[in-house]
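Listing of entry-v1.tsv, TSV, C-alpha atoms
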chain	number	residue	atom	x	y	z
I	1	MET	CA	81.33	154.02	323.04
I	2	GLY	CA	83.69	152.00	320.89
I	3	MET	CA	86.15	150.35	323.15
I	4	LEU	CA	83.87	150.52	326.11
I	5	ASP	CA	80.81	148.89	324.60
I	6	SER	CA	82.20	145.45	325.20
I	7	SER	CA	83.69	146.30	328.56
I	8	ARG	CA	82.65	144.13	331.45
I	9	ARG	CA	83.64	143.54	334.99
I	10	ALA	CA	86.05	140.70	335.26
I	11	THR	CA	83.81	139.07	337.86
I	12	ALA	CA	81.01	136.89	336.53
I	13	GLY	CA	77.59	138.40	336.97
I	14	ALA	CA	78.91	141.93	337.34
I	15	PRO	CA	76.87	144.66	335.73
I	16	SER	CA	77.67	146.20	332.40
I	17	LEU	CA	79.80	149.31	332.48
I	18	LEU	CA	77.14	151.43	330.83
I	19	ALA	CA	74.11	149.99	332.58
I	20	ASP	CA	72.09	152.29	334.80
I	21	ARG	CA	73.55	151.69	338.23
I	22	THR	CA	72.70	155.00	339.77
I	23	GLY	CA	70.45	153.51	342.42
I	24	SER	CA	68.23	156.53	341.98
I	25	ALA	CA	64.91	157.21	340.37
I	26	ASP	CA	66.36	160.38	338.89
I	27	THR	CA	66.78	159.68	335.21
I	28	SER	CA	66.98	163.28	334.13
I	29	PRO	CA	69.03	164.17	331.06
I	30	ALA	CA	71.54	165.91	333.29
I	31	ILE	CA	72.14	162.82	335.41
I	32	ALA	CA	72.34	160.60	332.33
I	33	ALA	CA	74.88	162.86	330.64
I	34	LEU	CA	76.98	163.21	333.78
I	35	GLN	CA	76.95	159.45	334.36
I	36	LYS	CA	78.03	158.87	330.76
I	37	ALA	CA	80.90	161.29	331.19
I	38	LEU	CA	81.85	159.64	334.46
I	39	ALA	CA	81.90	156.21	332.81
I	40	ALA	CA	84.19	157.58	330.10
I	41	GLU	CA	86.47	159.12	332.71
I	42	GLN	CA	86.65	155.86	334.64
I	43	ALA	CA	87.57	153.99	331.48
I	44	ALA	CA	90.24	156.60	330.74
I	45	ILE	CA	91.68	156.22	334.24
I	46	TYR	CA	91.97	152.48	333.71
I	47	GLY	CA	93.30	152.95	330.18
I	48	TYR	CA	96.04	155.35	331.20
I	49	GLY	CA	97.34	152.73	333.56
I	50	VAL	CA	97.91	150.54	330.52
I	51	VAL	CA	99.31	153.44	328.53
I	52	GLY	CA	101.80	154.36	331.23
I	53	ALA	CA	102.98	150.78	331.59
I	54	ARG	CA	103.82	150.56	327.90
I	55	LEU	CA	105.76	153.82	327.66
I	56	PRO	CA	109.50	153.96	328.42
I	57	GLN	CA	110.17	154.20	332.14
I	58	GLY	CA	111.10	157.70	333.19
I	59	SER	CA	110.36	159.18	329.78
I	60	ALA	CA	108.65	162.51	329.17
I	61	GLU	CA	105.82	160.59	327.55
I	62	GLN	CA	105.29	158.48	330.65
I	63	ALA	CA	105.25	161.66	332.72
I	64	ALA	CA	102.65	163.08	330.35
I	65	ALA	CA	100.54	159.95	330.78
I	66	THR	CA	100.72	160.40	334.55
I	67	THR	CA	99.66	164.03	334.23
I	68	ASP	CA	96.70	163.07	332.05
I	69	TRP	CA	95.76	160.24	334.41
I	70	VAL	CA	95.60	162.74	337.26
I	71	ALA	CA	93.46	165.06	335.14
I	72	HIS	CA	90.98	162.25	334.59
I	73	MET	CA	90.97	161.36	338.28
I	74	ARG	CA	90.11	164.96	339.14
I	75	ALA	CA	87.42	165.16	336.47
I	76	SER	CA	85.97	161.91	337.76
I	77	ASP	CA	85.81	163.35	341.27
I	78	ARG	CA	84.13	166.48	339.96
I	79	LEU	CA	81.54	164.46	338.06
I	80	SER	CA	80.83	162.29	341.08
I	81	ALA	CA	80.24	165.42	343.14
I	82	LEU	CA	77.91	166.86	340.51
I	83	ILE	CA	75.93	163.62	340.35
I	84	THR	CA	75.72	163.29	344.13
I	85	ALA	CA	74.60	166.90	344.45
I	86	ARG	CA	71.66	166.02	342.24
I	87	GLY	CA	70.58	163.17	344.48
I	88	ALA	CA	71.89	160.32	342.36
I	89	THR	CA	74.60	157.76	342.97
I	90	PRO	CA	77.68	157.91	340.74
I	91	VAL	CA	78.09	154.84	338.57
I	92	PRO	CA	80.90	152.71	340.00
I	93	ALA	CA	83.96	151.99	337.94
I	94	ALA	CA	84.45	148.51	336.54
I	95	VAL	CA	87.34	146.42	337.79
I	96	ALA	CA	88.68	145.94	334.27
I	97	TYR	CA	87.90	147.01	330.75
I	98	GLU	CA	88.35	145.25	327.48
I	99	LEU	CA	90.98	147.00	325.39
I	100	PRO	CA	90.37	147.67	321.70
I	101	GLY	CA	93.43	145.66	320.78
I	102	PRO	CA	96.83	144.57	322.02
I	103	VAL	CA	98.94	147.35	323.51
I	104	GLN	CA	102.46	146.01	323.28
I	105	THR	CA	104.39	149.02	322.04
I	106	ALA	CA	104.81	152.68	322.89
I	107	ALA	CA	103.14	153.60	319.61
I	108	ALA	CA	100.13	151.45	320.47
I	109	ALA	CA	100.03	153.01	323.93
I	110	LYS	CA	99.95	156.52	322.48
I	111	ALA	CA	97.23	155.49	320.04
I	112	LEU	CA	95.23	154.09	322.95
I	113	ALA	CA	95.62	157.35	324.86
I	114	ALA	CA	94.31	159.31	321.88
I	115	THR	CA	91.37	156.91	321.58
I	116	LEU	CA	90.55	157.26	325.26
I	117	GLU	CA	90.52	161.03	324.89
I	118	ASP	CA	88.27	160.81	321.83
I	119	ARG	CA	85.75	158.81	323.88
I	120	VAL	CA	85.91	161.31	326.71
I	121	THR	CA	85.38	164.15	324.24
I	122	GLU	CA	82.27	162.47	322.87
I	123	ALA	CA	80.86	161.90	326.33
I	124	TYR	CA	81.29	165.51	327.42
I	125	LEU	CA	79.49	166.78	324.34
I	126	ALA	CA	76.35	165.28	325.87
I	127	VAL	CA	76.95	167.51	328.88
I	128	VAL	CA	77.32	170.51	326.55
I	129	ALA	CA	73.82	169.80	325.23
I	130	LEU	CA	72.32	170.38	328.69
I	131	PRO	CA	70.58	173.72	329.21
I	132	ALA	CA	72.15	174.55	332.57
I	133	ARG	CA	74.79	177.18	331.95
I	134	SER	CA	77.27	175.86	334.51
I	135	LEU	CA	77.11	172.30	333.21
I	136	ARG	CA	77.33	173.43	329.61
I	137	SER	CA	80.42	175.49	330.37
I	138	PHE	CA	81.97	172.66	332.37
I	139	GLY	CA	81.29	170.21	329.55
I	140	ALA	CA	82.80	172.52	326.93
I	141	GLU	CA	85.95	173.02	328.98
I	142	GLN	CA	86.30	169.28	329.35
I	143	VAL	CA	85.71	168.75	325.62
I	144	ARG	CA	88.52	171.18	324.92
I	145	ALA	CA	90.86	169.66	327.49
I	146	ALA	CA	90.31	166.15	326.14
I	147	ALA	CA	90.80	167.31	322.55
I	148	LEU	CA	94.08	168.95	323.52
I	149	ARG	CA	95.28	165.77	325.20
I	150	ALA	CA	94.24	163.76	322.13
I	151	GLN	CA	96.18	166.13	319.91
I	152	ALA	CA	99.25	165.81	322.10
I	153	TRP	CA	99.14	162.02	321.80
I	154	SER	CA	98.25	161.75	318.13
I	155	GLY	CA	100.08	164.81	316.81
I	156	SER	CA	97.18	165.51	314.50
I	157	VAL	CA	94.14	167.78	314.54
I	158	GLU	CA	90.56	167.31	313.46
I	159	ALA	CA	87.82	169.72	312.52
I	160	PHE	CA	85.11	168.41	314.84
I	161	PRO	CA	86.41	166.61	317.91
I	162	GLY	CA	83.75	164.44	319.48
I	163	LEU	CA	81.15	164.90	316.75
G	164	MET	CA	69.72	192.61	314.38
G	165	ALA	CA	65.99	192.84	314.71
G	166	ASP	CA	65.52	192.55	310.98
G	167	ASP	CA	67.12	189.16	310.94
G	168	GLY	CA	65.46	187.61	313.91
G	169	LEU	CA	63.07	184.82	314.65
G	170	VAL	CA	60.11	187.16	314.50
G	171	PRO	CA	58.01	186.17	311.53
G	172	GLY	CA	55.03	188.36	310.85
G	173	ILE	CA	56.16	191.19	313.10
G	174	GLY	CA	57.34	194.57	311.92
G	175	ALA	CA	58.33	195.71	308.49
G	176	SER	CA	61.09	193.20	307.92
G	177	GLY	CA	58.71	190.58	306.51
G	178	PRO	CA	59.40	187.05	305.40
G	179	ALA	CA	61.89	188.01	302.72
G	180	ARG	CA	64.35	189.35	305.28
G	181	ARG	CA	64.03	186.66	307.85
G	182	THR	CA	66.99	184.70	309.00
G	183	LEU	CA	66.26	181.42	310.66
G	184	LEU	CA	68.40	179.27	312.80
G	185	ILE	CA	68.18	175.70	311.68
G	186	ALA	CA	67.19	173.16	314.29
G	187	SER	CA	66.57	175.88	316.83
G	188	ALA	CA	64.13	174.64	319.41
G	189	ALA	CA	63.33	178.25	320.21
G	190	ALA	CA	62.12	178.86	316.70
G	191	LEU	CA	59.28	176.37	316.71
G	192	PRO	CA	56.86	178.04	319.14
G	193	VAL	CA	57.34	181.36	317.37
G	194	LEU	CA	56.56	179.84	314.01
G	195	LEU	CA	53.45	178.18	315.38
G	196	THR	CA	52.37	181.45	316.91
G	197	ALA	CA	52.63	183.15	313.56
G	198	CYS	CA	49.96	180.82	312.20
G	199	ARG	CA	47.34	182.12	314.61
G	200	GLY	CA	47.18	185.66	313.30
G	201	VAL	CA	47.79	189.09	314.75
G	202	GLU	CA	45.94	188.43	318.01
G	203	ALA	CA	48.47	185.77	318.87
G	204	LEU	CA	51.42	188.12	318.67
G	205	GLY	CA	51.25	189.36	322.23
G	206	THR	CA	54.49	190.45	323.80
G	207	PRO	CA	57.35	190.64	321.35
G	208	PRO	CA	59.71	187.69	321.75
G	209	PRO	CA	63.18	188.25	323.14
G	210	PRO	CA	65.93	189.29	320.74
G	211	PRO	CA	67.32	186.42	318.69
G	212	THR	CA	70.64	186.29	320.44
G	213	ASP	CA	71.36	182.83	319.09
G	214	VAL	CA	71.09	184.10	315.51
G	215	ASP	CA	73.35	187.03	316.28
G	216	THR	CA	75.78	184.70	318.01
G	217	LEU	CA	75.84	182.40	315.01
G	218	ARG	CA	76.33	185.23	312.58
G	219	ASN	CA	79.16	186.54	314.74
G	220	ALA	CA	80.80	183.12	314.78
G	221	ILE	CA	80.51	182.89	311.01
G	222	GLU	CA	82.20	186.26	310.62
G	223	HIS	CA	85.09	185.29	312.85
G	224	GLU	CA	85.48	181.94	311.13
G	225	ALA	CA	85.50	183.59	307.72
G	226	ALA	CA	88.18	185.98	308.90
G	227	LEU	CA	90.32	183.05	310.02
G	228	VAL	CA	89.83	181.30	306.69
G	229	ALA	CA	90.91	184.45	304.86
G	230	SER	CA	94.01	184.84	307.03
G	231	TYR	CA	95.06	181.22	306.57
G	232	ALA	CA	94.38	181.35	302.85
G	233	ALA	CA	96.53	184.45	302.51
G	234	LEU	CA	99.39	182.99	304.52
G	235	THR	CA	99.14	179.66	302.72
G	236	ALA	CA	99.26	181.43	299.38
G	237	ALA	CA	102.42	183.15	300.58
G	238	GLY	CA	103.92	179.75	301.37
G	239	GLY	CA	103.92	180.35	305.09
G	240	SER	CA	106.95	182.55	304.61
G	241	ALA	CA	105.87	184.91	307.38
G	242	ALA	CA	106.60	182.25	309.93
G	243	PRO	CA	109.80	182.98	311.83
G	244	GLY	CA	112.46	180.45	310.91
G	245	SER	CA	110.27	178.75	308.35
G	246	GLN	CA	111.15	180.30	305.03
G	247	ALA	CA	109.71	178.11	302.35
G	248	GLY	CA	112.09	179.27	299.69
G	249	ALA	CA	115.12	177.29	300.74
G	250	PRO	CA	114.57	173.71	299.62
G	251	GLY	CA	116.93	171.21	301.13
G	252	SER	CA	117.99	173.46	303.96
G	253	GLN	CA	116.93	173.14	307.57
G	254	ALA	CA	114.88	176.29	307.22
G	255	GLY	CA	113.31	174.92	304.08
G	256	ALA	CA	112.26	171.72	305.83
G	257	ALA	CA	110.78	173.69	308.70
G	258	GLY	CA	108.98	175.91	306.22
G	259	GLY	CA	107.58	172.83	304.53
G	260	ARG	CA	106.18	171.58	307.82
G	261	ALA	CA	104.71	174.99	308.56
G	262	ALA	CA	103.15	175.19	305.12
G	263	THR	CA	101.65	171.72	305.54
G	264	ALA	CA	100.27	172.64	308.96
G	265	LEU	CA	98.77	175.84	307.59
G	266	ALA	CA	97.02	173.90	304.85
G	267	VAL	CA	95.65	171.35	307.33
G	268	VAL	CA	94.33	174.02	309.68
G	269	LEU	CA	92.88	175.99	306.77
G	270	GLY	CA	90.97	172.84	305.83
G	271	ASP	CA	89.59	172.59	309.36
G	272	HIS	CA	88.45	176.20	309.31
G	273	ARG	CA	86.77	175.79	305.95
G	274	GLN	CA	84.83	172.87	307.43
G	275	HIS	CA	83.94	174.95	310.49
G	276	LEU	CA	82.70	177.77	308.29
G	277	ALA	CA	80.63	175.44	306.12
G	278	GLN	CA	79.00	173.83	309.16
G	279	LEU	CA	78.24	177.14	310.82
G	280	LYS	CA	76.79	178.61	307.64
G	281	SER	CA	74.64	175.51	307.14
G	282	ARG	CA	72.90	176.31	310.45
G	283	LEU	CA	71.73	179.66	309.14
G	284	VAL	CA	69.13	180.11	306.42
G	285	GLU	CA	69.62	183.38	304.61
G	286	PRO	CA	66.98	184.66	302.20
G	287	ALA	CA	68.04	185.14	298.58
G	288	GLY	CA	69.87	188.39	298.06
G	289	HIS	CA	70.69	188.82	301.72
G	290	SER	CA	74.30	189.72	302.33
G	291	SER	CA	76.20	186.87	303.87
G	292	PRO	CA	77.67	187.57	307.29
G	293	ALA	CA	80.94	186.31	305.88
G	294	ALA	CA	81.03	188.97	303.21
G	295	GLY	CA	83.85	191.37	303.90
G	296	ALA	CA	84.73	189.58	307.10
G	297	ALA	CA	88.32	189.12	306.01
G	298	THR	CA	88.98	192.77	306.47
G	299	GLY	CA	86.25	193.58	308.94
G	300	ARG	CA	87.80	191.85	311.93
G	301	GLY	CA	91.03	193.71	312.28
G	302	GLY	CA	92.65	192.74	309.01
G	303	ALA	CA	94.45	189.61	307.91
G	304	LEU	CA	96.86	188.04	310.37
G	305	GLU	CA	100.34	187.87	308.97
G	306	THR	CA	102.31	185.39	311.01
G	307	ILE	CA	101.70	181.94	312.41
G	308	ALA	CA	102.28	183.30	315.90
G	309	GLU	CA	99.44	185.75	315.35
G	310	LEU	CA	97.26	182.95	314.09
G	311	GLU	CA	97.97	180.94	317.23
G	312	GLN	CA	96.76	183.83	319.35
G	313	ALA	CA	93.68	184.19	317.15
G	314	GLU	CA	92.93	180.48	317.50
G	315	GLN	CA	93.03	180.65	321.29
G	316	ALA	CA	90.86	183.77	321.30
G	317	ALA	CA	88.37	182.13	318.94
G	318	SER	CA	88.18	179.05	321.13
G	319	ASP	CA	87.59	181.12	324.26
G	320	ARG	CA	84.99	183.25	322.51
G	321	LEU	CA	82.97	180.25	321.32
G	322	ILE	CA	82.89	178.70	324.78
G	323	ALA	CA	81.84	182.03	326.29
G	324	GLN	CA	78.89	182.17	323.90
G	325	LEU	CA	77.32	178.80	324.68
G	326	ALA	CA	74.63	179.96	327.07
G	327	GLY	CA	71.20	180.04	325.50
G	328	LEU	CA	72.14	178.30	322.28
G	329	PRO	CA	70.08	175.34	321.05
G	330	PRO	CA	71.75	172.09	322.19
G	331	THR	CA	73.02	170.97	318.80
G	332	LEU	CA	74.47	174.38	318.04
G	333	ALA	CA	76.11	174.47	321.47
G	334	GLN	CA	77.72	171.10	320.71
G	335	LEU	CA	78.98	172.41	317.37
G	336	PHE	CA	80.41	175.52	319.04
G	337	ALA	CA	82.11	173.39	321.73
G	338	SER	CA	83.59	171.03	319.16
G	339	ILE	CA	84.88	173.88	317.02
G	340	ALA	CA	86.27	175.58	320.12
G	341	ALA	CA	88.14	172.37	320.93
G	342	SER	CA	89.43	172.08	317.38
G	343	GLU	CA	90.67	175.65	317.39
G	344	ALA	CA	92.41	175.15	320.71
G	345	THR	CA	94.26	172.14	319.30
G	346	HIS	CA	95.49	174.25	316.40
G	347	VAL	CA	97.67	176.21	318.82
G	348	PRO	CA	100.06	173.40	319.84
G	349	TYR	CA	99.83	171.94	316.33
G	350	LEU	CA	101.02	175.19	314.76
G	351	LYS	CA	103.62	175.74	317.45
G	352	ALA	CA	105.12	172.33	316.76
G	353	ALA	CA	105.16	172.97	313.02
G	354	ARG	CA	106.70	176.41	313.51
G	355	ARG	CA	109.47	174.87	315.58
G	356	GLY	CA	110.01	172.17	312.99
G	357	ARG	CA	108.73	169.30	315.14

Encoding of this model in structure tokens:
Amino acid sequence: MGMLDSSRRATAGAPSLLADRTGSADTSPAIAALQKALAAEQAAIYGYGVVGARLPQGSAEQAAATTDWVAHMRASDRLSALITARGATPVPAAVAYELPGPVQTAAAAKALAATLEDRVTEAYLAVVALPARSLRSFGAEQVRAAALRAQAWSGSVEAFPGL
Amino acid sequence: MADDGLVPGIGASGPARRTLLIASAAALPVLLTACRGVEALGTPPPPPTDVDTLRNAIEHEAALVASYAALTAAGGSAAPGSQAGAPGSQAGAAGGRAATALAVVLGDHRQHLAQLKSRLVEPAGHSSPAAGAATGRGGALETIAELEQAEQAASDRLIAQLAGLPPTLAQLFASIAASEATHVPYLKAARRGR
């Protein structure tokens, strides 16, 4: 997952972000896909904290970052509930994540936000591949929401978000 | 469309009129069944809704391509406040942005159409589902505002059709639905000269 592959807890000996930490024997495709999406959401929540800090105080862009941060918090809660309902334990968020590069300017912050959304889009496409109608629909709505947020930050469009 | 379904060896349609969905997990058992002769036919399989869904998506995508191509050829001049024929003026600049946006989105739709069509194997001589689609879906859209509405409707329609599709096709539909949704704010911004 790009930026997240090298992400680690700041504490020595902490588990990898993407390691299986469900604490459950349930390794079904649904649980795996939901956990992957949750990990991407948790990274986005952390990342938007960085994004918001680098945007001008009180600006419309900072407000947009806050709005998107809340959206990811809610999606994270939803995913945790879906995972718990299936008898598994939601993967915990890491304390810190390694950023893909320095984020010193507003432009870099907006680029980071777009990257975060791209990663979230990719993760939810795995949920779309699941056969359960409700999960597939949920995944597709999240793919669309993330692509819209990415477009808002980047100003550009792409033919196949997440693929 | 029973003639175009995943029903090899059944009925009068025959192999020459078959339409197959590429990478469809549902297709494999049916194909294997066909190898065991008539006694293996048993109960007719369910209608190939995924093939129909794909053909429908191709038709809608082709209609969008035709509408964008027509508006692009006209220089995007149907866009309110974005006349392309006034170089150097504010309206001309806005028209330039709109024309650029139309070309970008047209490129996306052409890629969507190519990907969707690549998932469908049509026998030689079979009419493409895209044939005539430009006029068969309510006629060409004439303004960018109309295209924005069509994009949102297309996105919603694709997401509503996900159930029962093979996983990879569902992912393609979801990705295209996301792309088409992003065209709405992209076109709005271009139309407003931002």

Go through chain I and flag each residue having an atom no more than 7 Å from chain G; for those, report the closest pair of atoms plus their distance in Å to one decimal, using all atoms listed in the file, ordered by chain and rising number, as CSV.
residue,atom,partner,partner_atom,distance
I:Leu125,CA,G:Gln334,CA,5.9
I:Val128,CA,G:Gln334,CA,5.9
I:Ala129,CA,G:Pro330,CA,4.3
I:Leu130,CA,G:Pro330,CA,6.7
I:Arg133,CA,G:Ala326,CA,5.6
I:Ser137,CA,G:Ile322,CA,6.9
I:Ala140,CA,G:Ala337,CA,5.3
I:Val143,CA,G:Ala341,CA,6.4
I:Arg144,CA,G:Ala341,CA,4.2
I:Ala147,CA,G:Ala341,CA,5.9
I:Leu148,CA,G:Thr345,CA,5.3
I:Gln151,CA,G:Thr345,CA,6.3
I:Val157,CA,G:Thr345,CA,6.5
I:Glu158,CA,G:Ser342,CA,6.3
I:Ala159,CA,G:Asp271,CA,4.6
I:Phe160,CA,G:Ser338,CA,5.3
I:Pro161,CA,G:Ser338,CA,5.4
I:Gly162,CA,G:Ser338,CA,6.6

Please write the residues from the selection above to a file, keeping C-alpha atoms, as an mmCIF file, in the coordinates of the input.
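Saved file result_11.cif follows:
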data_model
loop_
_atom_site.group_PDB
_atom_site.id
_atom_site.type_symbol
_atom_site.label_atom_id
_atom_site.label_comp_id
_atom_site.auth_asym_id
_atom_site.auth_seq_id
_atom_site.Cartn_x
_atom_site.Cartn_y
_atom_site.Cartn_z
ATOM 1 C CA LEU I 125 79.490 166.780 324.340
ATOM 2 C CA VAL I 128 77.320 170.510 326.550
ATOM 3 C CA ALA I 129 73.820 169.800 325.230
ATOM 4 C CA LEU I 130 72.320 170.380 328.690
ATOM 5 C CA ARG I 133 74.790 177.180 331.950
ATOM 6 C CA SER I 137 80.420 175.490 330.370
ATOM 7 C CA ALA I 140 82.800 172.520 326.930
ATOM 8 C CA VAL I 143 85.710 168.750 325.620
ATOM 9 C CA ARG I 144 88.520 171.180 324.920
ATOM 10 C CA ALA I 147 90.800 167.310 322.550
ATOM 11 C CA LEU I 148 94.080 168.950 323.520
ATOM 12 C CA GLN I 151 96.180 166.130 319.910
ATOM 13 C CA VAL I 157 94.140 167.780 314.540
ATOM 14 C CA GLU I 158 90.560 167.310 313.460
ATOM 15 C CA ALA I 159 87.820 169.720 312.520
ATOM 16 C CA PHE I 160 85.110 168.410 314.840
ATOM 17 C CA PRO I 161 86.410 166.610 317.910
ATOM 18 C CA GLY I 162 83.750 164.440 319.480
#

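Relative to atom CA of G:Ala232, atom CA of G:Leu350 is found at 15.0 Å.
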
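When the distance limit is 9 Å and only C-alpha atoms are what count, the residues near I:Leu112, minus those fewer than 5 positions from it on the same chain, are I:Gly47, I:Tyr48, I:Val50, I:Val51, I:Leu99, I:Pro100, I:Gly101, I:Val103, I:Ala107, I:Glu117, I:Trp153.
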
Please list as a PDB file with C-alpha atoms, in the coordinates of the input every residue within 12 Å of I:Arg119, counting all atoms listed in the file and excluding residues in the same chain fewer than 6 positions away.
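Result saved to selection_35.pdb:
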ATOM      1  CA  MET I   1      81.330 154.020 323.040  1.00  0.00           C
ATOM      2  CA  GLY I   2      83.690 152.000 320.890  1.00  0.00           C
ATOM      3  CA  MET I   3      86.150 150.350 323.150  1.00  0.00           C
ATOM      4  CA  LEU I   4      83.870 150.520 326.110  1.00  0.00           C
ATOM      5  CA  ASP I   5      80.810 148.890 324.600  1.00  0.00           C
ATOM      6  CA  LYS I  36      78.030 158.870 330.760  1.00  0.00           C
ATOM      7  CA  ALA I  37      80.900 161.290 331.190  1.00  0.00           C
ATOM      8  CA  LEU I  38      81.850 159.640 334.460  1.00  0.00           C
ATOM      9  CA  ALA I  39      81.900 156.210 332.810  1.00  0.00           C
ATOM     10  CA  ALA I  40      84.190 157.580 330.100  1.00  0.00           C
ATOM     11  CA  GLU I  41      86.470 159.120 332.710  1.00  0.00           C
ATOM     12  CA  GLN I  42      86.650 155.860 334.640  1.00  0.00           C
ATOM     13  CA  ALA I  43      87.570 153.990 331.480  1.00  0.00           C
ATOM     14  CA  ALA I  44      90.240 156.600 330.740  1.00  0.00           C
ATOM     15  CA  GLY I  47      93.300 152.950 330.180  1.00  0.00           C
ATOM     16  CA  LEU I 112      95.230 154.090 322.950  1.00  0.00           C
ATOM     17  CA  ALA I 113      95.620 157.350 324.860  1.00  0.00           C
ATOM     18  CA  LEU I 125      79.490 166.780 324.340  1.00  0.00           C
ATOM     19  CA  ALA I 126      76.350 165.280 325.870  1.00  0.00           C
ATOM     20  CA  GLN I 142      86.300 169.280 329.350  1.00  0.00           C
ATOM     21  CA  VAL I 143      85.710 168.750 325.620  1.00  0.00           C
ATOM     22  CA  ALA I 146      90.310 166.150 326.140  1.00  0.00           C
ATOM     23  CA  ALA I 147      90.800 167.310 322.550  1.00  0.00           C
ATOM     24  CA  ARG I 149      95.280 165.770 325.200  1.00  0.00           C
ATOM     25  CA  ALA I 150      94.240 163.760 322.130  1.00  0.00           C
ATOM     26  CA  PRO I 161      86.410 166.610 317.910  1.00  0.00           C
ATOM     27  CA  GLY I 162      83.750 164.440 319.480  1.00  0.00           C
ATOM     28  CA  LEU I 163      81.150 164.900 316.750  1.00  0.00           C
TER      29      LEU I 163
END

TODO: Just give me the gap between atom CA of G:Arg260 and atom CA of G:Thr235 in Å, one decimal is fine.
DONE: 11.9 Å

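Picture a line from atom CA of G:Gly258 to atom CA of G:Arg355; it runs 9.4 Å.
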
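Minimum atom-to-atom distance to G:Ala262, evaluated using all atoms listed in the file, belongs to G:Ala237 out of G:Leu279, G:Ala220, G:Val284, G:Ala237.
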
TODO: Name the residues within 12 Å of (99.1, 182.7, 315.0), counting only C-alpha atoms in the file's coordinates, and put them as a PyMOL selection string.
DONE: chain G and resi 227+230-231+234+239+241-243+261+264-265+268+303-317+343-344+346-351+353-354
